[in-house]
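query-v6.cif (mmCIF, N, CA and C atoms)
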data_work
#
loop_
_atom_site.group_PDB
_atom_site.id
_atom_site.type_symbol
_atom_site.label_atom_id
_atom_site.label_comp_id
_atom_site.auth_asym_id
_atom_site.auth_seq_id
_atom_site.Cartn_x
_atom_site.Cartn_y
_atom_site.Cartn_z
ATOM 1 N N MET A 1 89.224 94.496 97.311
ATOM 2 C CA MET A 1 90.175 94.616 96.253
ATOM 3 C C MET A 1 91.559 94.210 96.755
ATOM 4 N N TYR A 2 92.465 95.114 96.895
ATOM 5 C CA TYR A 2 93.826 94.768 97.300
ATOM 6 C C TYR A 2 94.042 94.912 98.805
ATOM 7 N N THR A 3 92.984 94.839 99.593
ATOM 8 C CA THR A 3 93.103 95.094 101.036
ATOM 9 C C THR A 3 94.066 94.142 101.732
ATOM 10 N N ALA A 4 94.215 92.932 101.231
ATOM 11 C CA ALA A 4 95.104 91.961 101.870
ATOM 12 C C ALA A 4 96.574 92.336 101.747
ATOM 13 N N ILE A 5 96.916 93.202 100.804
ATOM 14 C CA ILE A 5 98.331 93.541 100.631
ATOM 15 C C ILE A 5 98.686 94.941 101.120
ATOM 16 N N ILE A 6 97.704 95.697 101.562
ATOM 17 C CA ILE A 6 98.003 97.041 102.061
ATOM 18 C C ILE A 6 98.922 96.920 103.274
ATOM 19 N N GLY A 7 100.042 97.568 103.197
ATOM 20 C CA GLY A 7 101.012 97.545 104.284
ATOM 21 C C GLY A 7 101.934 96.342 104.268
ATOM 22 N N GLU A 8 101.731 95.413 103.356
ATOM 23 C CA GLU A 8 102.596 94.223 103.282
ATOM 24 C C GLU A 8 104.012 94.642 102.907
ATOM 25 N N GLN A 9 104.977 94.217 103.688
ATOM 26 C CA GLN A 9 106.370 94.582 103.462
ATOM 27 C C GLN A 9 107.120 93.546 102.612
ATOM 28 N N ASP A 10 106.615 92.330 102.560
ATOM 29 C CA ASP A 10 107.263 91.244 101.833
ATOM 30 C C ASP A 10 106.651 91.140 100.438
ATOM 31 N N TYR A 11 107.430 91.479 99.425
ATOM 32 C CA TYR A 11 106.881 91.486 98.064
ATOM 33 C C TYR A 11 106.429 90.098 97.615
ATOM 34 N N LYS A 12 107.090 89.058 98.100
ATOM 35 C CA LYS A 12 106.697 87.698 97.713
ATOM 36 C C LYS A 12 105.307 87.355 98.248
ATOM 37 N N LYS A 13 105.039 87.756 99.470
ATOM 38 C CA LYS A 13 103.707 87.526 100.040
ATOM 39 C C LYS A 13 102.661 88.346 99.290
ATOM 40 N N ALA A 14 103.012 89.576 98.935
ATOM 41 C CA ALA A 14 102.074 90.435 98.209
ATOM 42 C C ALA A 14 101.758 89.848 96.834
ATOM 43 N N LEU A 15 102.770 89.378 96.127
ATOM 44 C CA LEU A 15 102.548 88.782 94.812
ATOM 45 C C LEU A 15 101.658 87.548 94.909
ATOM 46 N N LYS A 16 101.907 86.723 95.915
ATOM 47 C CA LYS A 16 101.093 85.515 96.102
ATOM 48 C C LYS A 16 99.645 85.886 96.395
ATOM 49 N N GLU A 17 99.450 86.890 97.228
ATOM 50 C CA GLU A 17 98.093 87.323 97.570
ATOM 51 C C GLU A 17 97.360 87.860 96.339
ATOM 52 N N ILE A 18 98.051 88.637 95.545
ATOM 53 C CA ILE A 18 97.450 89.172 94.318
ATOM 54 C C ILE A 18 97.039 88.025 93.396
ATOM 55 N N PHE A 19 97.925 87.058 93.251
ATOM 56 C CA PHE A 19 97.620 85.908 92.394
ATOM 57 C C PHE A 19 96.465 85.086 92.965
ATOM 58 N N ASP A 20 96.529 84.798 94.270
ATOM 59 C CA ASP A 20 95.494 83.985 94.916
ATOM 60 C C ASP A 20 94.113 84.629 94.855
ATOM 61 N N GLU A 21 94.078 85.954 94.838
ATOM 62 C CA GLU A 21 92.800 86.663 94.783
ATOM 63 C C GLU A 21 92.247 86.755 93.355
ATOM 64 N N GLY A 22 93.011 86.254 92.384
ATOM 65 C CA GLY A 22 92.518 86.219 91.018
ATOM 66 C C GLY A 22 92.808 87.461 90.196
ATOM 67 N N TYR A 23 93.678 88.334 90.687
ATOM 68 C CA TYR A 23 93.983 89.555 89.942
ATOM 69 C C TYR A 23 95.019 89.327 88.853
ATOM 70 N N ALA A 24 95.621 88.155 88.836
ATOM 71 C CA ALA A 24 96.594 87.812 87.794
ATOM 72 C C ALA A 24 96.211 86.453 87.228
ATOM 73 N N SER A 25 96.162 86.344 85.917
ATOM 74 C CA SER A 25 95.736 85.088 85.311
ATOM 75 C C SER A 25 96.897 84.242 84.789
ATOM 76 N N ASP A 26 98.048 84.855 84.621
ATOM 77 C CA ASP A 26 99.210 84.112 84.123
ATOM 78 C C ASP A 26 99.714 83.178 85.225
ATOM 79 N N PRO A 27 99.782 81.865 84.961
ATOM 80 C CA PRO A 27 100.248 80.932 85.995
ATOM 81 C C PRO A 27 101.691 81.191 86.434
ATOM 82 N N LYS A 28 102.444 81.905 85.610
ATOM 83 C CA LYS A 28 103.832 82.216 85.972
ATOM 84 C C LYS A 28 103.982 83.647 86.497
ATOM 85 N N TYR A 29 102.879 84.261 86.868
ATOM 86 C CA TYR A 29 102.862 85.646 87.355
ATOM 87 C C TYR A 29 103.869 85.860 88.474
ATOM 88 N N ILE A 30 103.770 85.053 89.512
ATOM 89 C CA ILE A 30 104.649 85.234 90.675
ATOM 90 C C ILE A 30 106.105 85.056 90.274
ATOM 91 N N GLU A 31 106.385 83.995 89.567
ATOM 92 C CA GLU A 31 107.761 83.709 89.149
ATOM 93 C C GLU A 31 108.336 84.842 88.297
ATOM 94 N N LYS A 32 107.553 85.337 87.346
ATOM 95 C CA LYS A 32 108.027 86.405 86.470
ATOM 96 C C LYS A 32 108.316 87.695 87.229
ATOM 97 N N LEU A 33 107.401 88.076 88.115
ATOM 98 C CA LEU A 33 107.615 89.324 88.848
ATOM 99 C C LEU A 33 108.726 89.208 89.877
ATOM 100 N N GLU A 34 108.821 88.066 90.558
ATOM 101 C CA GLU A 34 109.935 87.873 91.492
ATOM 102 C C GLU A 34 111.258 87.994 90.749
ATOM 103 N N ASN A 35 111.347 87.373 89.569
ATOM 104 C CA ASN A 35 112.565 87.441 88.768
ATOM 105 C C ASN A 35 112.872 88.882 88.361
ATOM 106 N N LEU A 36 111.868 89.615 87.925
ATOM 107 C CA LEU A 36 112.061 91.011 87.540
ATOM 108 C C LEU A 36 112.546 91.850 88.726
ATOM 109 N N ILE A 37 111.904 91.680 89.864
ATOM 110 C CA ILE A 37 112.274 92.432 91.068
ATOM 111 C C ILE A 37 113.708 92.124 91.477
ATOM 112 N N GLU A 38 114.065 90.846 91.453
ATOM 113 C CA GLU A 38 115.391 90.446 91.913
ATOM 114 C C GLU A 38 116.494 90.790 90.915
ATOM 115 N N THR A 39 116.258 90.577 89.626
ATOM 116 C CA THR A 39 117.310 90.883 88.644
ATOM 117 C C THR A 39 117.509 92.391 88.481
ATOM 118 N N SER A 40 116.479 93.161 88.743
ATOM 119 C CA SER A 40 116.587 94.621 88.644
ATOM 120 C C SER A 40 116.937 95.267 89.979
ATOM 121 N N ASP A 41 117.103 94.444 91.008
ATOM 122 C CA ASP A 41 117.436 94.926 92.358
ATOM 123 C C ASP A 41 116.469 96.011 92.827
ATOM 124 N N LEU A 42 115.194 95.788 92.584
ATOM 125 C CA LEU A 42 114.188 96.792 92.937
ATOM 126 C C LEU A 42 113.950 96.898 94.446
ATOM 127 N N THR A 43 114.390 95.907 95.208
ATOM 128 C CA THR A 43 114.189 95.975 96.657
ATOM 129 C C THR A 43 115.007 97.092 97.298
ATOM 130 N N LYS A 44 115.975 97.634 96.564
ATOM 131 C CA LYS A 44 116.761 98.744 97.114
ATOM 132 C C LYS A 44 115.895 99.981 97.361
ATOM 133 N N TYR A 45 114.712 100.016 96.729
ATOM 134 C CA TYR A 45 113.799 101.140 96.909
ATOM 135 C C TYR A 45 112.791 100.911 98.028
ATOM 136 N N ASP A 46 112.914 99.793 98.736
ATOM 137 C CA ASP A 46 111.940 99.437 99.767
ATOM 138 C C ASP A 46 112.165 100.134 101.096
ATOM 139 N N GLY A 47 113.244 100.858 101.252
ATOM 140 C CA GLY A 47 113.507 101.529 102.521
ATOM 141 C C GLY A 47 112.337 102.399 102.926
ATOM 142 N N SER A 48 112.058 102.406 104.195
ATOM 143 C CA SER A 48 110.922 103.201 104.654
ATOM 144 C C SER A 48 111.209 104.687 104.457
ATOM 145 N N ILE A 49 110.201 105.396 104.104
ATOM 146 C CA ILE A 49 110.316 106.837 103.913
ATOM 147 C C ILE A 49 109.968 107.501 105.235
ATOM 148 N N GLU A 50 110.916 108.224 105.757
ATOM 149 C CA GLU A 50 110.702 108.901 107.033
ATOM 150 C C GLU A 50 109.798 110.104 106.832
ATOM 151 N N GLU A 51 108.776 110.184 107.661
ATOM 152 C CA GLU A 51 107.890 111.343 107.603
ATOM 153 C C GLU A 51 108.588 112.530 108.251
ATOM 154 N N VAL A 52 108.435 113.695 107.639
ATOM 155 C CA VAL A 52 109.044 114.922 108.154
ATOM 156 C C VAL A 52 107.927 115.929 108.390
ATOM 157 N N TYR A 53 108.001 116.610 109.524
ATOM 158 C CA TYR A 53 106.990 117.605 109.891
ATOM 159 C C TYR A 53 107.637 118.972 110.031
ATOM 160 N N HIS A 54 106.835 119.996 109.816
ATOM 161 C CA HIS A 54 107.292 121.387 109.904
ATOM 162 C C HIS A 54 106.255 122.176 110.700
ATOM 163 N N ILE A 55 106.730 123.010 111.597
ATOM 164 C CA ILE A 55 105.842 123.917 112.325
ATOM 165 C C ILE A 55 105.787 125.224 111.534
ATOM 166 N N VAL A 56 104.592 125.590 111.125
ATOM 167 C CA VAL A 56 104.399 126.763 110.268
ATOM 168 C C VAL A 56 104.824 128.032 111.001
ATOM 169 N N LYS A 57 105.602 128.838 110.276
ATOM 170 C CA LYS A 57 106.041 130.140 110.771
ATOM 171 C C LYS A 57 105.394 131.222 109.927
ATOM 172 N N LYS A 58 105.372 132.426 110.448
ATOM 173 C CA LYS A 58 104.821 133.548 109.706
ATOM 174 C C LYS A 58 105.556 133.661 108.373
ATOM 175 N N GLY A 59 104.803 133.783 107.299
ATOM 176 C CA GLY A 59 105.378 133.909 105.966
ATOM 177 C C GLY A 59 105.502 132.595 105.214
ATOM 178 N N ASP A 60 105.318 131.462 105.905
ATOM 179 C CA ASP A 60 105.376 130.171 105.217
ATOM 180 C C ASP A 60 104.192 130.008 104.275
ATOM 181 N N SER A 61 104.423 129.279 103.204
ATOM 182 C CA SER A 61 103.343 128.918 102.285
ATOM 183 C C SER A 61 103.526 127.452 101.918
ATOM 184 N N VAL A 62 102.445 126.832 101.517
ATOM 185 C CA VAL A 62 102.525 125.425 101.129
ATOM 186 C C VAL A 62 103.459 125.262 99.932
ATOM 187 N N SER A 63 103.410 126.169 98.994
ATOM 188 C CA SER A 63 104.284 126.051 97.821
ATOM 189 C C SER A 63 105.759 126.151 98.220
ATOM 190 N N ALA A 64 106.091 127.065 99.118
ATOM 191 C CA ALA A 64 107.476 127.203 99.569
ATOM 192 C C ALA A 64 107.924 125.982 100.362
ATOM 193 N N LEU A 65 107.034 125.442 101.194
ATOM 194 C CA LEU A 65 107.374 124.248 101.971
ATOM 195 C C LEU A 65 107.583 123.053 101.047
ATOM 196 N N ALA A 66 106.734 122.914 100.042
ATOM 197 C CA ALA A 66 106.870 121.813 99.093
ATOM 198 C C ALA A 66 108.227 121.890 98.396
ATOM 199 N N LYS A 67 108.599 123.076 97.974
ATOM 200 C CA LYS A 67 109.880 123.262 97.290
ATOM 201 C C LYS A 67 111.047 122.981 98.238
ATOM 202 N N ALA A 68 110.959 123.466 99.463
ATOM 203 C CA ALA A 68 112.043 123.308 100.428
ATOM 204 C C ALA A 68 112.268 121.846 100.824
ATOM 205 N N TYR A 69 111.200 121.080 100.886
ATOM 206 C CA TYR A 69 111.304 119.695 101.351
ATOM 207 C C TYR A 69 111.254 118.672 100.227
ATOM 208 N N GLY A 70 111.187 119.129 98.977
ATOM 209 C CA GLY A 70 111.173 118.199 97.853
ATOM 210 C C GLY A 70 109.883 117.416 97.729
ATOM 211 N N SER A 71 108.792 118.013 98.153
ATOM 212 C CA SER A 71 107.476 117.394 98.052
ATOM 213 C C SER A 71 106.657 118.179 97.034
ATOM 214 N N THR A 72 105.385 117.857 96.939
ATOM 215 C CA THR A 72 104.498 118.644 96.088
ATOM 216 C C THR A 72 103.409 119.257 96.955
ATOM 217 N N GLN A 73 102.795 120.313 96.448
ATOM 218 C CA GLN A 73 101.692 120.940 97.176
ATOM 219 C C GLN A 73 100.562 119.930 97.379
ATOM 220 N N MET A 74 100.311 119.107 96.369
ATOM 221 C CA MET A 74 99.234 118.125 96.466
ATOM 222 C C MET A 74 99.524 117.100 97.565
ATOM 223 N N GLN A 75 100.780 116.663 97.657
ATOM 224 C CA GLN A 75 101.136 115.710 98.719
ATOM 225 C C GLN A 75 100.894 116.332 100.094
ATOM 226 N N ILE A 76 101.370 117.545 100.284
ATOM 227 C CA ILE A 76 101.191 118.220 101.568
ATOM 228 C C ILE A 76 99.708 118.391 101.868
ATOM 229 N N GLN A 77 98.948 118.746 100.859
ATOM 230 C CA GLN A 77 97.503 118.906 101.041
ATOM 231 C C GLN A 77 96.867 117.582 101.483
ATOM 232 N N GLN A 78 97.204 116.500 100.818
ATOM 233 C CA GLN A 78 96.632 115.199 101.146
ATOM 234 C C GLN A 78 97.089 114.706 102.511
ATOM 235 N N TRP A 79 98.377 114.795 102.811
ATOM 236 C CA TRP A 79 98.893 114.322 104.086
ATOM 237 C C TRP A 79 98.242 115.026 105.269
ATOM 238 N N ASN A 80 97.872 116.287 105.065
ATOM 239 C CA ASN A 80 97.373 117.094 106.176
ATOM 240 C C ASN A 80 95.879 117.393 106.106
ATOM 241 N N GLY A 81 95.211 116.879 105.103
ATOM 242 C CA GLY A 81 93.772 117.097 104.972
ATOM 243 C C GLY A 81 93.412 118.561 104.789
ATOM 244 N N LEU A 82 94.256 119.286 104.087
ATOM 245 C CA LEU A 82 94.008 120.714 103.870
ATOM 246 C C LEU A 82 92.950 120.908 102.790
ATOM 247 N N VAL A 83 91.953 121.698 103.089
ATOM 248 C CA VAL A 83 90.910 122.005 102.107
ATOM 249 C C VAL A 83 91.372 123.139 101.204
ATOM 250 N N ASP A 84 92.015 124.120 101.794
ATOM 251 C CA ASP A 84 92.497 125.291 101.058
ATOM 252 C C ASP A 84 93.984 125.474 101.356
ATOM 253 N N LEU A 85 94.812 125.441 100.338
ATOM 254 C CA LEU A 85 96.261 125.572 100.527
ATOM 255 C C LEU A 85 96.666 126.928 101.090
ATOM 256 N N ASN A 86 95.800 127.911 100.998
ATOM 257 C CA ASN A 86 96.116 129.240 101.506
ATOM 258 C C ASN A 86 95.722 129.405 102.972
ATOM 259 N N LEU A 87 95.126 128.383 103.557
ATOM 260 C CA LEU A 87 94.674 128.494 104.951
ATOM 261 C C LEU A 87 95.500 127.623 105.886
ATOM 262 N N ILE A 88 96.773 127.984 106.019
ATOM 263 C CA ILE A 88 97.603 127.355 107.042
ATOM 264 C C ILE A 88 97.877 128.402 108.107
ATOM 265 N N LYS A 89 98.098 127.948 109.327
ATOM 266 C CA LYS A 89 98.219 128.880 110.451
ATOM 267 C C LYS A 89 99.571 128.762 111.121
ATOM 268 N N VAL A 90 100.058 129.868 111.649
ATOM 269 C CA VAL A 90 101.301 129.891 112.421
ATOM 270 C C VAL A 90 101.164 128.876 113.547
ATOM 271 N N ASN A 91 102.216 128.119 113.775
ATOM 272 C CA ASN A 91 102.321 127.052 114.776
ATOM 273 C C ASN A 91 101.576 125.767 114.400
ATOM 274 N N GLN A 92 100.989 125.730 113.216
ATOM 275 C CA GLN A 92 100.345 124.510 112.745
ATOM 276 C C GLN A 92 101.432 123.507 112.363
ATOM 277 N N ARG A 93 101.249 122.266 112.760
ATOM 278 C CA ARG A 93 102.207 121.200 112.440
ATOM 279 C C ARG A 93 101.738 120.532 111.151
ATOM 280 N N LEU A 94 102.602 120.556 110.135
ATOM 281 C CA LEU A 94 102.277 119.968 108.836
ATOM 282 C C LEU A 94 103.282 118.893 108.479
ATOM 283 N N ARG A 95 102.769 117.799 107.950
ATOM 284 C CA ARG A 95 103.680 116.808 107.358
ATOM 285 C C ARG A 95 104.091 117.390 106.011
ATOM 286 N N VAL A 96 105.406 117.441 105.784
ATOM 287 C CA VAL A 96 105.922 118.038 104.562
ATOM 288 C C VAL A 96 106.724 117.050 103.713
ATOM 289 N N LYS A 97 106.950 115.876 104.249
ATOM 290 C CA LYS A 97 107.681 114.833 103.499
ATOM 291 C C LYS A 97 107.304 113.485 104.036
#
Show me, as structure tokens, the structure contained in the file I just sent.
Amino acid sequence: MYTAIIGEQDYKKALKEIFDEGYASDPKYIEKLENLIETSDLTKYDGSIEEVYHIVKKGDSVSALAKAYGSTQMQIQQWNGLVDLNLIKVNQRLRVK
């Protein structure tokens, strides 16, 4: 599917790959999206998101950590492979952002 663009940092290369793989049928697909991205200055959102980790302390909960770091419980669960949100341990290192 989209494996060729996973991790691609250059939107122009990603658009070309999507088109070349047949996922877009409009012959002006690349041109239209490049124009939209550039006129809307969407590249300003391309900055890398720094991962933030937290060492669990007594009394911490996933819901409190999500609120404190501006994340969601689901994100924390997915980032850390948590099966049960209530089963975190003191000194456990969790990605929280």
Item to check | Gap from atom N of Val90 (chain A) to atom N of His54 (chain A) - Å, one decimal | outcome: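 These atoms are spaced 12.1 Å apart.
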Item to check | Explicit residue set for the PyMOL selection byres (((chain A and resi 28-42 and name CA) around 10) and name CA), as a list in words | outcome: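 Checking the PyMOL selection byres (((chain A and resi 28-42 and name CA) around 10) and name CA) against this file, the residues are Tyr11, Lys12, Lys13, Ala14, Leu15, Lys16, Glu17, Ile18, Phe19, Ala24, Ser25, Asp26, Pro27, Thr43, Lys44, Tyr45 and Asp46 of chain A.
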Next on the checklist: I need the strand (DSSP E or B) residues of chain A per DSSP on the backbone, written as a PyMOL selection string.
Outcome noted: chain A and resi 53-55+93-95
Item to check | Nearest-residue call for Lys89 (chain A), choices A:Ile76, A:Val62, A:Ala4, A:Val56, using all atoms listed in the file | outcome: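 The answer is A:Val56, which sits nearest to Lys89 (chain A).
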Checklist entry - What's the 5 Å shell around Tyr53 (chain A), counting only N, CA and C atoms, without same-chain residues fewer than 2 positions away, as a list in words? => result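 Skipping anything fewer than 2 positions along the chain leaves Glu51, Ile55, Leu94, Arg95 and Val96 of chain A.
Here atom N of Asp84 (chain A) stands at a distance of 13.0 Å from CA of Ser63 (chain A).
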Checklist entry - What is the distance between atom C of Ile6 (chain A) and atom C of Tyr69 (chain A), in Å to one decimal? => result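 Interatomic distance, atom C of Ile6 (chain A) to atom C of Tyr69 (chain A): 25.2 Å.
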Checklist entry - Given the choices A:Glu50, A:Glu21, A:Asp60, A:Glu8, which gets closest to Ile88 (chain A) if the distance is worked out from all atoms listed in the file? => result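 Residue with the minimum atom-to-atom distance to Ile88 (chain A): A:Asp60.
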Item to check | Expected answer as a PyMOL selection string: helix (DSSP H, G or I) residues in chain A | outcome: chain A and resi 3-5+11-20+29-39+42-45+62-69+73-80
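Ranking A:Thr3, A:Val52, A:Asp10, A:Arg93 by their shortest atom-to-atom distance to Ser71 (chain A), with only C-alpha atoms included, puts A:Val52 first.
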Exercise on region 46-65 of chain A, axis-aligned box with 5 Å per side, report centre and edge lengths in Å to one decimal, as AutoDock Vina command-line options:
--center_x 108.0 --center_y 116.7 --center_z 105.1 --size_x 21.1 --size_y 44.5 --size_z 24.5
Item to check | Pick from A:Lys57, A:Asn86, A:Lys97, A:Gln92, whichever lies nearest to Gly70 (chain A) using only N, CA and C atoms | outcome: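 Between A:Lys57, A:Asn86, A:Lys97, A:Gln92, the residue approaching Gly70 (chain A) most closely is A:Lys97.
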